[in-house]
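Heads up, query-v6.tsv below (TSV, C-alpha atoms and all ligand atoms):
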```tsv
chain	number	residue	atom	x	y	z
A	1	MET	CA	15.35	-7.15	25.88
A	2	ASN	CA	14.45	-8.22	29.43
A	3	GLU	CA	11.23	-10.27	29.50
A	4	SER	CA	9.67	-8.00	32.12
A	5	SER	CA	10.84	-4.71	30.55
A	6	PRO	CA	8.13	-2.03	30.20
A	7	TYR	CA	8.37	-2.54	26.47
A	8	ASN	CA	7.61	-6.25	26.67
A	9	MET	CA	4.89	-5.62	29.22
A	10	LEU	CA	3.22	-3.21	26.83
A	11	LYS	CA	3.38	-5.78	24.05
A	12	ASP	CA	1.78	-8.36	26.37
A	13	LYS	CA	-0.94	-5.88	27.34
A	14	ILE	CA	-1.72	-5.20	23.69
A	15	ARG	CA	-2.03	-8.90	22.90
A	16	LEU	CA	-4.28	-9.43	25.92
A	17	LEU	CA	-6.44	-6.43	25.07
A	18	ALA	CA	-6.76	-7.58	21.46
A	19	LYS	CA	-8.16	-10.85	22.76
A	20	GLU	CA	-10.61	-9.08	25.09
A	21	ARG	CA	-11.76	-6.78	22.29
A	22	ASP	CA	-12.04	-9.64	19.78
A	23	ALA	CA	-9.62	-7.70	17.60
A	24	VAL	CA	-7.23	-8.74	14.87
A	25	ILE	CA	-4.10	-6.59	14.49
A	26	LEU	CA	-2.94	-5.95	10.93
A	27	ALA	CA	0.40	-4.23	10.34
A	28	HIS	CA	1.80	-2.96	7.06
A	29	ASN	CA	5.33	-3.97	6.04
A	30	TYR	CA	6.44	-0.35	6.53
A	31	GLN	CA	5.47	-0.25	10.22
A	32	GLU	CA	8.17	-0.04	12.86
A	33	GLY	CA	9.46	-3.29	14.39
A	34	PRO	CA	7.63	-3.18	17.74
A	35	ILE	CA	4.28	-2.88	15.95
A	36	GLN	CA	5.11	-5.76	13.64
A	37	GLU	CA	5.90	-7.82	16.75
A	38	VAL	CA	2.36	-7.51	18.15
A	39	ALA	CA	0.55	-7.98	14.85
A	40	ASP	CA	-1.43	-11.06	13.84
A	41	PHE	CA	-0.62	-10.42	10.19
A	42	ILE	CA	2.10	-8.33	8.54
A	43	GLY	CA	2.05	-7.67	4.84
A	44	ASP	CA	1.33	-5.36	1.93
A	45	SER	CA	-2.02	-3.80	1.14
A	46	LEU	CA	-3.18	-6.77	-0.89
A	47	LEU	CA	-2.43	-9.36	1.76
A	48	LEU	CA	-3.89	-7.19	4.51
A	49	SER	CA	-7.03	-6.52	2.44
A	50	GLN	CA	-7.46	-10.26	2.07
A	51	LYS	CA	-7.03	-10.73	5.81
A	52	ALA	CA	-9.50	-7.91	6.52
A	53	ALA	CA	-12.06	-9.48	4.19
A	54	ALA	CA	-11.64	-12.93	5.73
A	55	THR	CA	-11.37	-12.17	9.44
A	56	GLU	CA	-14.01	-13.30	11.91
A	57	ALA	CA	-12.83	-10.80	14.53
A	58	SER	CA	-15.26	-8.00	15.25
A	59	VAL	CA	-12.56	-5.30	15.46
A	60	ILE	CA	-9.69	-4.65	13.05
A	61	LEU	CA	-6.82	-2.58	14.43
A	62	PHE	CA	-5.09	-1.41	11.25
A	63	CYS	CA	-1.54	-0.30	11.86
A	64	GLY	CA	-0.86	1.42	8.58
A	65	VAL	CA	-2.18	4.59	6.98
A	66	HIS	CA	-5.68	5.92	6.46
A	67	PHE	CA	-6.40	4.62	2.95
A	68	MET	CA	-5.49	1.10	4.09
A	69	ALA	CA	-7.99	1.25	6.92
A	70	GLU	CA	-10.58	2.56	4.47
A	71	THR	CA	-9.95	-0.44	2.25
A	72	ALA	CA	-10.47	-2.75	5.23
A	73	SER	CA	-13.71	-0.94	6.07
A	74	ILE	CA	-14.91	-1.25	2.45
A	75	LEU	CA	-14.26	-4.98	2.45
A	76	SER	CA	-15.56	-5.60	5.97
A	77	PRO	CA	-18.31	-3.02	6.48
A	78	GLN	CA	-19.78	-4.87	9.45
A	79	LYS	CA	-16.49	-4.68	11.39
A	80	LYS	CA	-15.18	-1.85	13.49
A	81	VAL	CA	-11.95	-0.67	11.84
A	82	ILE	CA	-9.68	1.46	14.00
A	83	ILE	CA	-6.28	3.09	13.47
A	84	PRO	CA	-3.80	4.27	16.10
A	85	ASP	CA	-3.49	7.82	14.70
A	86	LEU	CA	-6.08	9.52	12.53
A	87	ALA	CA	-3.42	11.88	11.16
A	88	ALA	CA	-1.58	8.96	9.52
A	89	GLY	CA	-2.49	9.86	5.94
A	90	CYS	CA	-0.62	9.48	2.66
A	91	SER	CA	0.85	12.35	0.64
A	92	LEU	CA	0.66	10.24	-2.53
A	93	ALA	CA	-3.03	9.44	-2.02
A	94	ASP	CA	-3.69	13.16	-1.50
A	95	MET	CA	-2.27	13.95	-4.95
A	96	VAL	CA	-5.43	12.88	-6.71
A	97	ILE	CA	-8.92	13.81	-5.64
A	98	GLU	CA	-12.19	12.41	-6.86
A	99	ARG	CA	-12.90	15.39	-9.13
A	100	ASP	CA	-9.53	14.90	-10.88
A	101	ALA	CA	-10.31	11.27	-11.63
A	102	ARG	CA	-13.78	12.08	-12.92
A	103	GLN	CA	-12.66	15.01	-15.07
A	104	TRP	CA	-9.83	12.97	-16.54
A	105	LYS	CA	-12.29	10.25	-17.41
A	106	GLU	CA	-14.62	12.80	-19.00
A	107	ARG	CA	-11.79	13.75	-21.34
A	108	HIS	CA	-11.20	10.07	-22.15
A	109	PRO	CA	-14.72	8.64	-22.13
A	110	ASP	CA	-13.54	5.24	-23.37
A	111	GLY	CA	-10.77	5.00	-20.83
A	112	ALA	CA	-10.61	2.82	-17.74
A	113	VAL	CA	-9.42	4.47	-14.53
A	114	VAL	CA	-6.94	2.31	-12.64
A	115	ALA	CA	-6.46	3.55	-9.08
A	116	TYR	CA	-3.40	2.47	-7.15
A	117	VAL	CA	-4.38	1.28	-3.69
A	118	ASN	CA	-2.79	4.48	-2.35
A	119	THR	CA	-5.95	6.48	-3.06
A	120	SER	CA	-8.88	7.59	-0.93
A	121	ALA	CA	-12.15	5.65	-0.91
A	122	VAL	CA	-13.86	8.33	-3.03
A	123	VAL	CA	-11.22	8.06	-5.72
A	124	LYS	CA	-11.59	4.29	-5.70
A	125	ALA	CA	-15.35	4.79	-6.02
A	126	ALA	CA	-14.70	6.79	-9.21
A	127	ALA	CA	-12.30	4.15	-10.57
A	128	ASP	CA	-12.85	1.05	-12.67
A	129	TYR	CA	-9.99	-1.02	-11.30
A	130	CYS	CA	-7.80	-0.90	-8.23
A	131	CYS	CA	-4.25	-2.28	-8.07
A	132	THR	CA	-1.29	-2.63	-5.75
A	133	SER	CA	2.34	-2.62	-6.79
A	134	SER	CA	2.32	-6.41	-6.62
A	135	ASN	CA	-0.45	-6.81	-9.20
A	136	ALA	CA	-0.50	-3.53	-11.21
A	137	VAL	CA	0.96	-5.19	-14.31
A	138	LYS	CA	-1.52	-8.05	-14.15
A	139	VAL	CA	-4.48	-5.69	-13.63
A	140	VAL	CA	-3.53	-3.54	-16.62
A	141	GLN	CA	-2.97	-6.64	-18.76
A	142	ALA	CA	-6.50	-7.79	-17.88
A	143	ILE	CA	-8.03	-4.62	-19.38
A	144	PRO	CA	-9.10	-5.02	-23.01
A	145	GLU	CA	-6.24	-3.92	-25.26
A	146	GLU	CA	-8.33	-1.31	-27.14
A	147	LYS	CA	-9.19	0.60	-23.95
A	148	GLU	CA	-7.16	3.58	-22.87
A	149	VAL	CA	-5.85	3.28	-19.33
A	150	LEU	CA	-5.85	6.28	-16.97
A	151	PHE	CA	-3.48	5.42	-14.14
A	152	VAL	CA	-3.63	7.38	-10.84
A	153	PRO	CA	-1.81	8.67	-8.86
A	154	ASP	CA	1.79	7.40	-8.94
A	155	PHE	CA	3.79	8.52	-11.97
A	156	TYR	CA	6.70	6.13	-11.40
A	157	LEU	CA	4.63	3.03	-10.82
A	158	GLY	CA	2.46	3.96	-13.82
A	159	THR	CA	5.52	4.48	-16.02
A	160	TRP	CA	6.92	1.11	-15.00
A	161	VAL	CA	3.57	-0.60	-15.71
A	162	LYS	CA	3.44	1.08	-19.10
A	163	ARG	CA	6.91	-0.23	-19.92
A	164	LYS	CA	6.14	-3.74	-18.64
A	165	THR	CA	2.87	-4.04	-20.50
A	166	GLY	CA	4.00	-2.28	-23.67
A	167	ARG	CA	0.80	-0.23	-23.63
A	168	ARG	CA	0.95	2.88	-25.73
A	169	ASN	CA	-2.41	4.16	-24.60
A	170	LEU	CA	-1.68	4.26	-20.88
A	171	HIS	CA	-1.80	7.77	-19.41
A	172	VAL	CA	-0.10	8.41	-16.11
A	173	TRP	CA	-0.99	10.95	-13.40
A	174	LYS	CA	1.91	12.97	-12.05
A	175	GLY	CA	1.77	12.04	-8.36
A	176	TYR	CA	4.65	10.70	-6.32
A	177	CYS	CA	5.50	9.35	-2.88
A	178	ALA	CA	7.66	11.71	-0.82
A	179	ALA	CA	9.54	8.87	0.91
A	180	HIS	CA	10.43	7.17	-2.37
A	181	THR	CA	11.65	10.41	-3.98
A	182	ALA	CA	14.36	10.61	-1.30
A	183	ILE	CA	16.10	7.75	-3.11
A	184	THR	CA	18.45	9.19	-5.72
A	185	PRO	CA	20.49	7.60	-8.53
A	186	GLU	CA	23.67	9.16	-7.03
A	187	GLY	CA	22.98	7.52	-3.65
A	188	ILE	CA	22.44	4.18	-5.33
A	189	ASP	CA	25.67	4.48	-7.34
A	190	ARG	CA	27.59	5.17	-4.13
A	191	LEU	CA	26.07	2.18	-2.34
A	192	ARG	CA	26.72	-0.14	-5.25
A	193	GLU	CA	30.38	0.87	-5.20
A	194	GLN	CA	30.55	0.19	-1.46
A	195	HIS	CA	28.74	-3.15	-1.73
A	196	PRO	CA	29.59	-4.58	-5.15
A	197	ASP	CA	28.18	-8.03	-4.31
A	198	ALA	CA	24.83	-6.74	-3.07
A	199	GLU	CA	21.72	-7.24	-5.16
A	200	PHE	CA	19.75	-4.07	-5.75
A	201	LEU	CA	15.99	-4.37	-5.17
A	202	MET	CA	13.87	-1.41	-6.17
A	203	HIS	CA	10.24	-0.52	-5.49
A	204	PRO	CA	8.41	0.84	-8.57
A	205	GLU	CA	7.34	3.96	-6.64
A	206	CYS	CA	10.98	5.10	-6.47
A	207	GLY	CA	11.44	8.60	-7.83
A	208	CYS	CA	14.66	7.61	-9.56
A	209	MET	CA	12.97	4.58	-11.11
A	210	THR	CA	12.86	6.05	-14.59
A	211	LYS	CA	16.64	6.66	-14.52
A	212	SER	CA	17.79	3.62	-12.53
A	213	MET	CA	15.31	0.97	-13.60
A	214	ASP	CA	17.90	-0.79	-15.75
A	215	LEU	CA	20.34	-0.96	-12.85
A	216	ALA	CA	17.98	-2.87	-10.57
A	217	ASP	CA	18.34	-6.61	-10.17
A	218	ALA	CA	14.61	-6.67	-9.57
A	219	ILE	CA	11.73	-4.16	-9.36
A	220	LEU	CA	9.35	-5.45	-6.74
A	221	SER	CA	6.51	-4.70	-4.36
A	222	THR	CA	7.26	-5.09	-0.65
A	223	GLU	CA	5.93	-8.66	-0.56
A	224	GLY	CA	7.91	-9.34	-3.72
A	225	MET	CA	11.06	-8.16	-1.92
A	226	VAL	CA	10.40	-10.51	0.99
A	227	LYS	CA	10.05	-13.48	-1.34
A	228	TYR	CA	13.02	-12.48	-3.51
A	229	ALA	CA	15.41	-11.98	-0.57
A	230	LYS	CA	14.47	-15.36	0.87
A	231	GLU	CA	14.99	-17.23	-2.38
A	232	SER	CA	18.12	-15.42	-3.59
A	233	SER	CA	21.55	-16.91	-2.94
A	234	ALA	CA	22.96	-13.40	-2.43
A	235	GLY	CA	24.01	-12.44	1.08
A	236	GLU	CA	23.60	-8.65	0.74
A	237	PHE	CA	20.90	-6.39	-0.66
A	238	ILE	CA	20.42	-2.69	-1.28
A	239	ILE	CA	16.77	-1.93	-0.59
A	240	ALA	CA	15.12	0.98	-2.36
A	241	THR	CA	11.81	1.54	-0.60
A	242	GLU	CA	10.47	2.95	2.68
A	243	ASN	CA	12.95	1.97	5.38
A	244	GLY	CA	10.41	0.26	7.67
A	245	MET	CA	10.79	-2.61	5.21
A	246	LEU	CA	14.26	-3.46	6.44
A	247	TYR	CA	12.93	-4.73	9.78
A	248	LYS	CA	10.94	-7.53	8.18
A	249	LEU	CA	13.65	-8.42	5.66
A	250	GLN	CA	16.25	-8.63	8.41
A	251	LYS	CA	13.99	-10.61	10.73
A	252	GLU	CA	13.16	-13.18	8.09
A	253	ASN	CA	16.76	-13.43	6.83
A	254	PRO	CA	18.99	-13.18	9.90
A	255	GLY	CA	22.10	-14.32	8.03
A	256	LYS	CA	21.80	-11.70	5.26
A	257	LYS	CA	22.58	-7.98	5.18
A	258	PHE	CA	20.25	-5.23	4.04
A	259	TYR	CA	21.28	-1.64	3.29
A	260	PRO	CA	18.74	1.17	2.86
A	261	ALA	CA	19.14	2.96	-0.49
A	262	SER	CA	18.64	6.22	1.43
A	263	GLU	CA	18.53	6.95	5.17
A	264	ASN	CA	15.88	9.55	4.30
A	265	ALA	CA	13.39	7.17	2.72
A	266	THR	CA	11.02	7.27	5.66
A	267	CYS	CA	7.30	7.92	5.63
A	268	GLN	CA	6.34	10.40	8.30
A	269	TYR	CA	2.78	9.05	8.30
A	270	MET	CA	3.69	5.39	8.77
A	271	GLN	CA	5.92	6.46	11.65
A	272	MET	CA	3.06	8.19	13.45
A	273	ASN	CA	1.87	4.81	14.70
A	274	THR	CA	3.55	3.63	17.89
A	275	LEU	CA	3.07	0.78	20.31
A	276	GLU	CA	1.63	3.22	22.87
A	277	LYS	CA	-0.91	4.56	20.38
A	278	ALA	CA	-1.84	1.04	19.32
A	279	PHE	CA	-2.57	0.20	22.96
A	280	ARG	CA	-4.73	3.31	23.42
A	281	SER	CA	-6.50	2.60	20.20
A	282	LEU	CA	-7.57	-0.84	21.41
A	283	LEU	CA	-8.37	0.43	24.88
A	284	GLU	CA	-10.68	3.21	23.69
A	285	LEU	CA	-11.65	1.60	20.37
A	286	LYS	CA	-10.56	4.69	18.46
A	287	TYR	CA	-10.03	6.11	15.88
A	288	GLU	CA	-12.72	4.52	13.84
A	289	VAL	CA	-12.48	4.64	10.04
A	290	LYS	CA	-15.82	4.03	8.41
A	291	VAL	CA	-16.55	4.53	4.74
A	292	PRO	CA	-20.14	5.62	4.12
A	293	PRO	CA	-22.16	2.79	2.50
A	294	HIS	CA	-22.90	4.62	-0.78
A	295	ILE	CA	-19.17	5.14	-1.35
A	296	ALA	CA	-18.14	1.71	-0.08
A	297	GLU	CA	-20.58	0.08	-2.49
A	298	LEU	CA	-18.88	1.74	-5.49
A	299	ALA	CA	-15.32	1.44	-4.17
A	300	ARG	CA	-15.72	-2.27	-3.47
A	301	ILE	CA	-16.12	-3.03	-7.19
A	302	PRO	CA	-12.61	-2.02	-8.37
A	303	ILE	CA	-11.08	-3.61	-5.27
A	304	GLU	CA	-12.89	-6.90	-5.83
A	305	ARG	CA	-11.95	-6.82	-9.50
A	306	MET	CA	-8.33	-6.45	-8.48
A	307	MET	CA	-8.60	-9.33	-6.03
A	308	GLU	CA	-10.16	-11.52	-8.66
A	309	ILE	CA	-7.49	-10.66	-11.24
A	310	SER	CA	-4.80	-11.22	-8.65
A	311	ALA	CA	-6.20	-14.65	-7.95
A	312	ASN	CA	-5.83	-15.42	-11.67
A	313	GLY	CA	-9.17	-14.44	-13.09
A	314	ASN	CA	-9.83	-11.63	-15.52
A	315	GLY	CA	-11.86	-9.44	-13.18
A	316	ASN	CA	-14.95	-9.78	-15.28
A	317	GLY	CA	-16.84	-12.23	-13.15
A	318	ASN	CA	-18.01	-10.09	-10.33
A	319	GLY	CA	-20.35	-7.35	-11.35
A	320	ASN	CA	-17.92	-5.85	-13.88
A	321	GLY	CA	-20.75	-5.11	-16.22
A	322	LYS	CA	-22.77	-3.55	-13.43
A	323	LYS	CA	-20.45	-0.74	-12.54
A	324	LYS	CA	-21.23	2.42	-14.35
A	325	LEU	CA	-17.74	3.39	-15.40
A	326	HIS	CA	-18.68	6.88	-14.41
A	327	SER	CA	-21.45	8.26	-12.31
A	328	ALA	CA	-22.04	11.84	-13.33
A	329	ALA	CA	-22.65	13.23	-9.87
A	330	PRO	CA	-19.63	13.70	-7.64
A	331	ILE	CA	-19.63	11.78	-4.39
A	332	VAL	CA	-19.64	13.94	-1.31
A	333	TYR	CA	-17.37	12.66	1.44
A	334	ASN	CA	-14.23	13.67	3.17
A	335	ARG	CA	-11.99	12.25	5.83
A	336	SER	CA	-13.43	14.37	8.62
A	337	GLN	CA	-16.63	12.35	8.28
A	338	CYS	CA	-14.89	9.28	9.63
A	401	LIG	O1	0.81	-2.41	-1.63
A	401	LIG	C1	1.26	-1.81	-0.67
A	401	LIG	O2	0.99	-2.06	0.48
A	401	LIG	C2	2.20	-0.71	-0.90
A	401	LIG	C3	1.72	0.63	-0.63
A	401	LIG	C4	3.42	-0.97	-1.30
A	401	LIG	C5	3.93	-2.33	-1.47
A	401	LIG	O3	4.67	-2.57	-2.41
A	401	LIG	O4	3.61	-3.21	-0.67
```

Produce structure tokens that represent the structure in this file.
Ligand code: CIZ
Amino acid sequence: MNESSPYNMLKDKIRLLAKERDAVILAHNYQEGPIQEVADFIGDSLLLSQKAAATEASVILFCGVHFMAETASILSPQKKVIIPDLAAGCSLADMVIERDARQWKERHPDGAVVAYVNTSAVVKAAADYCCTSSNAVKVVQAIPEEKEVLFVPDFYLGTWVKRKTGRRNLHVWKGYCAAHTAITPEGIDRLREQHPDAEFLMHPECGCMTKSMDLADAILSTEGMVKYAKESSAGEFIIATENGMLYKLQKENPGKKFYPASENATCQYMQMNTLEKAFRSLLELKYEVKVPPHIAELARIPIERMMEISANGNGNGNGNGKKKLHSAAPIVYNRSQC
């Protein structure tokens, strides 16, 4: 690409504007390449949450989807969190609403609700623990053995966690990610025949996970895939997750080959963000995502517990005893209030 191409000029303008606005740019691993190229930090939800919590910048431009920006706002309430496109939601997160989580808990009063990070702020506020795919096993292991676990919303991730932890009393919600369900066992079989030397890395959200789990060389979060591909001596990999992931894997491993498990494993919401929208977002400081304080206060507890467990603790140090596992009154909030 020519140094003075319009594309490079736009990237330069975004970097300059970020400086003027005192903004940090966070990009999820699933974002398209050009967005990753202008970001200060690229990573999964956990890493980006940590960056959002630690940043000294006054503005966070979150190039990802809505629940991720909400998490940043929960952890950094004094910052202005903006996203390039307010319509960039998450079909998986929409599969469980706050009332579902609360009613489920009412039926299992001794249970602990574990909310995958792909949930709205109100669902997190009704949960006891949060988790990402990189720490879900560790979070569930940190919950006292005698407690039932109510895992929302991803059925495949929950099923994998149940298998990994050997927990009989783990109940799993029946949500799924549309992009990951595009990956089929038949497609994987075909690719493995074509590339017999390739290692097969699978994300636990994959719809075919329950059938193909034993075929995978490793079941990993996106950050787990980055680490694995770097350390492996293999030269080829079949990647079963959202296809935005291949950009980062290829960039960090230029001598290796990566094949998407399905050309259709794309998230329409992640793809809504573009370089042009990121520029406009910084220019006009829109679209702001702000979680109301009464919700943020409750939602912060399961997120902080997760962060503590992830950093090797047991999640019991930081106000664990303080959180009412269930407030009776539903929390009133929806996305249009942002
Ligand atoms: O944790 C995340 O960011 C998600 C949604 C997936 C992953 O494995 O990184």

With the cut-off set at 8 Å and counting all atoms listed in the file, tabulate each residue of chain A with an atom at most that distance from an atom of ligand LIG 401 (chain A), showing the nearest atom pair and its distance in Å to one decimal, ordered by chain and increasing number, as JSON lines.
```
{"residue": "A:His28", "atom": "CA", "partner": "A:LIG401", "partner_atom": "O2", "distance": 6.7}
{"residue": "A:Asn29", "atom": "CA", "partner": "A:LIG401", "partner_atom": "O4", "distance": 7.0}
{"residue": "A:Gly43", "atom": "CA", "partner": "A:LIG401", "partner_atom": "O2", "distance": 7.2}
{"residue": "A:Asp44", "atom": "CA", "partner": "A:LIG401", "partner_atom": "O2", "distance": 3.6}
{"residue": "A:Ser45", "atom": "CA", "partner": "A:LIG401", "partner_atom": "O2", "distance": 3.5}
{"residue": "A:Leu46", "atom": "CA", "partner": "A:LIG401", "partner_atom": "O1", "distance": 6.0}
{"residue": "A:Val117", "atom": "CA", "partner": "A:LIG401", "partner_atom": "O1", "distance": 6.7}
{"residue": "A:Asn118", "atom": "CA", "partner": "A:LIG401", "partner_atom": "C3", "distance": 6.2}
{"residue": "A:Thr132", "atom": "CA", "partner": "A:LIG401", "partner_atom": "O1", "distance": 4.6}
{"residue": "A:Ser133", "atom": "CA", "partner": "A:LIG401", "partner_atom": "O3", "distance": 5.0}
{"residue": "A:Ser134", "atom": "CA", "partner": "A:LIG401", "partner_atom": "O3", "distance": 6.2}
{"residue": "A:His203", "atom": "CA", "partner": "A:LIG401", "partner_atom": "O3", "distance": 6.7}
{"residue": "A:Pro204", "atom": "CA", "partner": "A:LIG401", "partner_atom": "O3", "distance": 8.0}
{"residue": "A:Leu220", "atom": "CA", "partner": "A:LIG401", "partner_atom": "O3", "distance": 7.0}
{"residue": "A:Ser221", "atom": "CA", "partner": "A:LIG401", "partner_atom": "O3", "distance": 3.4}
{"residue": "A:Thr222", "atom": "CA", "partner": "A:LIG401", "partner_atom": "O3", "distance": 4.0}
{"residue": "A:Glu223", "atom": "CA", "partner": "A:LIG401", "partner_atom": "O4", "distance": 5.9}
{"residue": "A:Gly224", "atom": "CA", "partner": "A:LIG401", "partner_atom": "O3", "distance": 7.6}
```

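For the pair atom CA of Pro254 of chain A and atom CA of Ser4 of chain A, the separation is 24.6 Å.
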
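Here atom CA of Met209 of chain A and atom CA of Tyr156 of chain A stand 6.5 Å from one another.
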
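Across A:Ala52, A:Leu61, A:Ala126, A:Ala198, the tightest approach to Lys257 of chain A is made by A:Ala198 when counting all atoms listed in the file.
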
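The closest residue to Asp110 of chain A, picked from A:Asn169, A:Gln141, A:Asn273, A:Thr71 and counting all atoms listed in the file, is A:Asn169.
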
*Taking all atoms listed in the file into account, which of A:Cys177, A:Ala101, A:Met9, A:Ala54 comes nearest Gln268 of chain A?*
A:Cys177

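The smallest atom-to-atom distance between Ala112 of chain A and any of A:Arg21, A:His171, A:His66, A:Lys227, using only C-alpha atoms, is found for A:His171.
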
*Looking at all atoms listed in the file, which of A:Asp128, A:Arg192, A:Gln31, A:Asp12 is the one that sits closest to Leu246 of chain A?*
A:Gln31

_Pairwise distance for atom CA of Val65 of chain A and atom CA of Ala299 of chain A, rounded to one decimal in Å_ = 17.5 Å

*Considering only C-alpha atoms, state which residue in the set A:Cys130, A:Val96, A:Ile74, A:Leu249 is at the smallest distance from Met307 of chain A.*
A:Cys130

*Could you name the residues that touch Ala136 of chain A at 12 Å or less, counting only C-alpha atoms, but leaving out those on the same chain fewer than 5 positions away, as a ChimeraX atom specification?*
/A:46,114-117,129-131,141-143,149,151-152,154,157-165,204-205,220-221,306-307,309-310

_If we count all atoms listed in the file and set the cut-off at 12 Å, which residues sit around Ala69 of chain A, ignoring sequence neighbours fewer than 4 positions away in its own chain? Please answer as a count of residues only._
44

Padded axis-aligned box of segment 229-242 of chain A (4 Å per side), centre and edge lengths, Å, one decimal, as AutoDock Vina command-line options:
```
--center_x 17.2 --center_y -7.1 --center_z -0.5 --size_x 21.5 --size_y 28.2 --size_z 14.3
```

Give as a PDB file with C-alpha atoms, in the frame of the given file each residue that has an atom at most 12 Å from (-15.9, -15.5, 14.6) in the file, counting only C-alpha atoms.
```
ATOM      1  CA  ASP A  22     -12.040  -9.640  19.780  1.00  0.00           C
ATOM      2  CA  ALA A  23      -9.620  -7.700  17.600  1.00  0.00           C
ATOM      3  CA  VAL A  24      -7.230  -8.740  14.870  1.00  0.00           C
ATOM      4  CA  ALA A  54     -11.640 -12.930   5.730  1.00  0.00           C
ATOM      5  CA  THR A  55     -11.370 -12.170   9.440  1.00  0.00           C
ATOM      6  CA  GLU A  56     -14.010 -13.300  11.910  1.00  0.00           C
ATOM      7  CA  ALA A  57     -12.830 -10.800  14.530  1.00  0.00           C
ATOM      8  CA  SER A  58     -15.260  -8.000  15.250  1.00  0.00           C
ATOM      9  CA  VAL A  59     -12.560  -5.300  15.460  1.00  0.00           C
ATOM     10  CA  LYS A  79     -16.490  -4.680  11.390  1.00  0.00           C
TER      11      LYS A  79
END
```
